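Participant: Let me begin by handing over the structure; questions about it come next.
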Amino acid sequence: MKNIIKISDFSSPELDVFVRLTGAQLRSRLEPERGIFIAESPTVIEVALESGCVPISLLCDDRLLDGRVADIIERLSEYPCDNPKGFPIYVAEREVLSSLTGFELTRGALCAMRRPKSKTVEELLKDATRIAILEEVTDSTNIGALFRSAAALGIDAVLVTPTCCDPLCRRAVRVSMGTVFKVPFCRIGDTPSDWPKAGIERLHSLGFKCCAMALSHNTVSIDDPTLMREEKLAIILGTEGTGLKKETIAACDYTVKIPMSNGVDSLNVGAAGAIAFWQLTRR
């Protein structure tokens, strides 16, 4: 049942999820069972729904009710909800929405959704052979780009370290074009002390050889035959600027570099990840 609610301002507490809650509040307000994330744009909303994410409410431009968003609204109206009037669809004029910071970037729609239940590392990696580990990557744009490459290039799962950016933050979800829902992921540890030593030991216990993507004198090329023949491989990528921790590199089985030309010493982590994923999934 459709429940279209016209709004003229954003003071209603029902709209806190779109207007006033920070990313940390969205994660922790109802976690772990009922954490929230925001899916932005019709494309991302559709991918999230197809991946089984459960919607809570929708906010959209009222001029899009007869366009692509209309199909999404029809689909959302079929979801069960606590409101006897039906699934809440909040709509507003473009001028009202322009007062909402960043809304002009959403291509007309925001959908609040329940965060999927997270699996353990062991559950996630049960049948995996090629995985990515993101160490302290803090830029949400890079997170989104890495997930998009991981989905496109055959990575079975992504693990993020305790201090890494949330893959379900609004910008990361948007930049990934929803592919963050297509690659299983979880955190490897709950506190900074859980990485790297304990985390890499955990990966070794599951049969993974770990390769650190890093600049070092003692490296193998990314197309090294021995490296590519490994049955289970964890590709570890570091934070922007400083790269991987020395402790991480020391604990890994391989230190891997991408050959460079013209005096360039390194690539953005998103670009490096795409190259590593493509090369190291080709066994």
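Every chain in the structure tokens takes a letter, A first, then B, and so on in the order presented; its residues are numbered from 1, and the ligands are numbered from 1 following the presented order.
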For Val173 of chain A, please output as a list in words all residues within 7 Å (counting only C-alpha atoms; exclusion window: fewer than 5 positions along the same chain).
Facilitator: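 The filter keeps Ala39, Gly144, Pro167, Leu168, Gly178 and Val180 of chain A.
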Participant: Mind the document's chain letters and residue numbers, and return as a list of chain:residue names the residues of segment 7-141 of chain A that DSSP labels strand (DSSP E).
Facilitator: A:Ile36, A:Phe37, A:Ile38, A:Ala39, A:Glu40, A:Pro55, A:Ile56, A:Ser57, A:Leu58, A:Leu59, A:Cys60, A:Asp61, A:Phe87, A:Pro88, A:Ile89, A:Tyr90, A:Val91, A:Ala92, A:Ala109, A:Leu110, A:Cys111, A:Ala112, A:Met113, A:Arg114, A:Arg130, A:Ile131, A:Ala132, A:Ile133, A:Leu134
Participant: To test your reading of the structure, identify every residue in segment 122-262 of chain A that backbone DSSP assigns to alpha helix (DSSP H), and report it as a PDB file with C-alpha atoms, in the first residue's frame.
Facilitator:
ATOM      1  CA  GLU A 122      35.336 -17.650   9.089  1.00  0.00           C
ATOM      2  CA  GLU A 123      31.813 -17.768   7.637  1.00  0.00           C
ATOM      3  CA  LEU A 124      32.681 -15.259   4.950  1.00  0.00           C
ATOM      4  CA  SER A 140      34.925   6.802   1.244  1.00  0.00           C
ATOM      5  CA  THR A 141      35.439   7.436  -2.483  1.00  0.00           C
ATOM      6  CA  ASN A 142      38.345   4.978  -2.529  1.00  0.00           C
ATOM      7  CA  ILE A 143      36.286   2.435  -0.584  1.00  0.00           C
ATOM      8  CA  GLY A 144      33.496   2.687  -3.163  1.00  0.00           C
ATOM      9  CA  ALA A 145      35.942   2.369  -6.064  1.00  0.00           C
ATOM     10  CA  LEU A 146      37.648  -0.655  -4.507  1.00  0.00           C
ATOM     11  CA  PHE A 147      34.351  -2.464  -3.974  1.00  0.00           C
ATOM     12  CA  ARG A 148      33.301  -1.751  -7.549  1.00  0.00           C
ATOM     13  CA  SER A 149      36.581  -3.230  -8.828  1.00  0.00           C
ATOM     14  CA  ALA A 150      36.324  -6.185  -6.443  1.00  0.00           C
ATOM     15  CA  ALA A 151      32.833  -7.002  -7.717  1.00  0.00           C
ATOM     16  CA  ALA A 152      33.814  -6.628 -11.365  1.00  0.00           C
ATOM     17  CA  ARG A 170      26.527   7.073   1.976  1.00  0.00           C
ATOM     18  CA  ARG A 171      29.336   8.181  -0.356  1.00  0.00           C
ATOM     19  CA  ALA A 172      30.991   4.754  -0.519  1.00  0.00           C
ATOM     20  CA  VAL A 173      27.688   3.113  -1.430  1.00  0.00           C
ATOM     21  CA  ARG A 174      27.045   5.727  -4.141  1.00  0.00           C
ATOM     22  CA  VAL A 175      30.553   5.571  -5.652  1.00  0.00           C
ATOM     23  CA  LYS A 197      49.269  -9.463  13.976  1.00  0.00           C
ATOM     24  CA  ALA A 198      46.112 -11.230  15.128  1.00  0.00           C
ATOM     25  CA  GLY A 199      44.323 -10.611  11.836  1.00  0.00           C
ATOM     26  CA  ILE A 200      47.074 -12.046   9.646  1.00  0.00           C
ATOM     27  CA  GLU A 201      47.445 -15.047  11.969  1.00  0.00           C
ATOM     28  CA  ARG A 202      43.711 -15.579  11.539  1.00  0.00           C
ATOM     29  CA  LEU A 203      44.056 -15.496   7.739  1.00  0.00           C
ATOM     30  CA  HIS A 204      46.967 -17.944   7.869  1.00  0.00           C
ATOM     31  CA  SER A 205      44.908 -20.322  10.007  1.00  0.00           C
ATOM     32  CA  PRO A 225      54.106 -17.232 -11.433  1.00  0.00           C
ATOM     33  CA  THR A 226      54.554 -18.595  -7.901  1.00  0.00           C
ATOM     34  CA  LEU A 227      52.329 -15.880  -6.484  1.00  0.00           C
ATOM     35  CA  MET A 228      49.624 -16.482  -9.046  1.00  0.00           C
ATOM     36  CA  LYS A 246      55.612  -2.006   8.500  1.00  0.00           C
ATOM     37  CA  GLU A 247      54.212  -4.663  10.838  1.00  0.00           C
ATOM     38  CA  THR A 248      51.734  -5.728   8.177  1.00  0.00           C
ATOM     39  CA  ILE A 249      54.392  -6.034   5.490  1.00  0.00           C
ATOM     40  CA  ALA A 250      56.667  -8.017   7.811  1.00  0.00           C
ATOM     41  CA  ALA A 251      53.893 -10.489   8.658  1.00  0.00           C
TER      42      ALA A 251
END
Participant: Write out as a ChimeraX atom specification each polymer residue whose atoms come within 12 Å of Gly243 of chain A, counting only C-alpha atoms; drop sequence neighbours fewer than 2 positions from it.
Facilitator: /A:134-138,212-216,236-241,245-249,266-269,272
Participant: Generate the output file for the selected residues, C-alpha atoms, as a PDB file, in the first residue's frame.
Facilitator:
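To be explicit, this is the file written out as selection_18.pdb:
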ATOM      1  CA  LEU A 134      41.612  -2.915   3.177  1.00  0.00           C
ATOM      2  CA  GLU A 135      43.898  -1.565   5.891  1.00  0.00           C
ATOM      3  CA  GLU A 136      42.872   1.810   7.318  1.00  0.00           C
ATOM      4  CA  VAL A 137      41.533   3.107   3.998  1.00  0.00           C
ATOM      5  CA  THR A 138      39.681   6.183   5.214  1.00  0.00           C
ATOM      6  CA  ALA A 212      51.218  -6.881   0.881  1.00  0.00           C
ATOM      7  CA  MET A 213      50.832  -4.391  -1.956  1.00  0.00           C
ATOM      8  CA  ALA A 214      53.736  -2.111  -1.059  1.00  0.00           C
ATOM      9  CA  LEU A 215      56.856  -0.330  -2.219  1.00  0.00           C
ATOM     10  CA  SER A 216      59.890  -2.221  -0.947  1.00  0.00           C
ATOM     11  CA  ILE A 236      46.249  -6.398   1.331  1.00  0.00           C
ATOM     12  CA  LEU A 237      45.983  -2.730   0.361  1.00  0.00           C
ATOM     13  CA  GLY A 238      46.975   0.166   2.601  1.00  0.00           C
ATOM     14  CA  THR A 239      45.745   3.578   3.554  1.00  0.00           C
ATOM     15  CA  GLU A 240      46.064   6.617   1.337  1.00  0.00           C
ATOM     16  CA  GLY A 241      49.460   8.313   1.494  1.00  0.00           C
ATOM     17  CA  LYS A 245      52.099  -0.601   8.158  1.00  0.00           C
ATOM     18  CA  LYS A 246      55.612  -2.006   8.500  1.00  0.00           C
ATOM     19  CA  GLU A 247      54.212  -4.663  10.838  1.00  0.00           C
ATOM     20  CA  THR A 248      51.734  -5.728   8.177  1.00  0.00           C
ATOM     21  CA  ILE A 249      54.392  -6.034   5.490  1.00  0.00           C
ATOM     22  CA  SER A 266      52.910   4.515  -6.940  1.00  0.00           C
ATOM     23  CA  LEU A 267      49.214   4.592  -7.835  1.00  0.00           C
ATOM     24  CA  ASN A 268      46.105   5.683  -6.009  1.00  0.00           C
ATOM     25  CA  VAL A 269      44.855   2.792  -3.856  1.00  0.00           C
ATOM     26  CA  ALA A 272      46.270  -0.235  -7.573  1.00  0.00           C
TER      27      ALA A 272
END
Participant: Taking only C-alpha atoms into account, name the residue in A:Val160, A:Cys211, A:Met113, A:Ile222 that is nearest to Trp195 of chain A.
Facilitator: A:Val160
Participant: Of the candidates A:Ala112, A:Met260, A:Cys164, A:Ile45, which shows the shortest atom-to-atom distance to Phe18 of chain A, using only C-alpha atoms?
Facilitator: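 When distances to Phe18 of chain A are compared using only C-alpha atoms, the smallest one comes from A:Ala112.
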